[in-house]
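Comments concern the structure below.
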Amino acid sequence: MLAAIVLLGTLFTAQAETTEVRLAQQYGISYLPLMQIEQNRLLEKHAAARGLGEIKVTWSKFAGGNVMNDALLSGSLDFAAAGVAPATTLWAKTRGTPSEVKLVTAMNSMPMYLNTRNPNVRSIKDFTDKDKIALPAVKVSIQSVTLQMAAEKLFGEGNHNKLDALTVTLSHPDALVALLSGSSEISAHFTTPPYQYQELEKPGIHTVLNSYEVLGGPATLNVIYTTTRFREANPKIYQAFLAAFEEAIALINRDKRAAAEFYLKYSKDKDTVKDILAILNDPQIEFTQTPKNITRYADFLFKIGTIKYRPASWKELFFPEIHHLSGS
């Protein structure tokens, strides 16, 4: 009788939680943990280990955080993955509402490079109306906000939007092609690995800005986020996702050559294993769940009025499961 009761309880719990989880990622090696989760069916594995049975996991790919945010708010997405800036903006916008969004975990720490083919541009102050800077989402993406931070630092208080008129929304792969073609209006690209390194291989392309210079050190590039409603309705799915993500991070850090080979197979990128391994071994690049310099973005977004509430600490942005980490 007791066994039957336990079985019924397990079945009830499984039925109470969703049987389909919808996730999304973007382009580039920064999303390698999600690629591992997708291809190795890690979420399915950890959901089954928690008695949830077989679940359907649906993946989408978006070009920018703005589209990701819209999908999460519309209810067509359960876990979003984007830069710190769009995630923080959505957190502030939904704080205290039925659609409240919080961050689940950091994904990595990586520098972003602003590259250009214009030989006259040695600093962001050298850009003119003839230049067009490609990035994933104008005024919303982490690249756009980092450029605003750099502009205010150089041009002074209140001038954060001085370069906004030069920015153009393009996915990283499309912007890479446009910049390297030499025939496009795109003369610069604020991007992430591996695209920034691929661009620098071409003679005449050089780096104008490194995001770590703007932020004063290593900083989280991408985060995962979801709604409070989803987490409360699906506690075992949520824990399964965290376990899957932790396993994906461990896989990458345990064998970086295997991770490089995996990335090339999955992404169909034209780089070599040597190229990708060099990126993964770069001391500036780390796959980690620990948030770094998150509050620098939150403070800036509050200062310029993009968000109306300033978090007291990084922990206010995140669900409690990672509060034990030494974040910033």
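Just remember, in the structure tokens the first chain shown is A, the second B, etc., residues are 1-based per chain, and ligands are 1-based in the order shown.
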Segment 165-170 of chain A environment, 6 Å, only C-alpha atoms, sequence neighbours closer than 6 positions dropped, as a ChimeraX atom specification: /A:132-138
Distance query Leu103 of chain A at most 12 Å, only C-alpha atoms, self and fewer than 5 positions along chain excluded, as a PyMOL selection string: chain A and resi 79-92+95+222-228+231+242+289-291+294+314-323
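Residues with any atom within 12 Å of Thr128 of chain A, counting only C-alpha atoms and excluding same-chain neighbours fewer than 3 positions away, are Asn118, Asn120, Val121, Ser123, Ile124, Lys125, Asp131, Lys132, Ile133, Lys162, Leu163, Asp164, Ala165, Leu166, Thr167, Ser187 and Ala188 of chain A.
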All helix (DSSP H, G or I) positions in segment 78-301 of chain A, as JSON, numbers by chain: {"A": [84, 85, 86, 87, 88, 89, 90, 91, 92, 93, 94, 124, 125, 126, 142, 143, 144, 145, 146, 147, 148, 149, 150, 151, 152, 153, 154, 155, 164, 165, 166, 172, 173, 174, 175, 176, 177, 178, 179, 180, 181, 195, 196, 197, 198, 199, 200, 211, 212, 213, 214, 215, 228, 229, 230, 231, 232, 233, 235, 236, 237, 238, 239, 240, 241, 242, 243, 244, 245, 246, 247, 248, 249, 250, 251, 252, 253, 254, 256, 257, 258, 259, 260, 261, 262, 263, 264, 265, 266, 267, 273, 274, 275, 276, 277, 278, 279, 280, 281, 294, 295, 296, 297, 298, 299, 300, 301]}
Residue set, segment 124-216 of chain A restricted to strand (DSSP E), as a list in words: Ile133, Ala134, Leu135, Thr167, Val168, Thr169, Ala188, His189, Phe190, Thr191, His206, Thr207, Val208, Leu209 and Asn210 of chain A
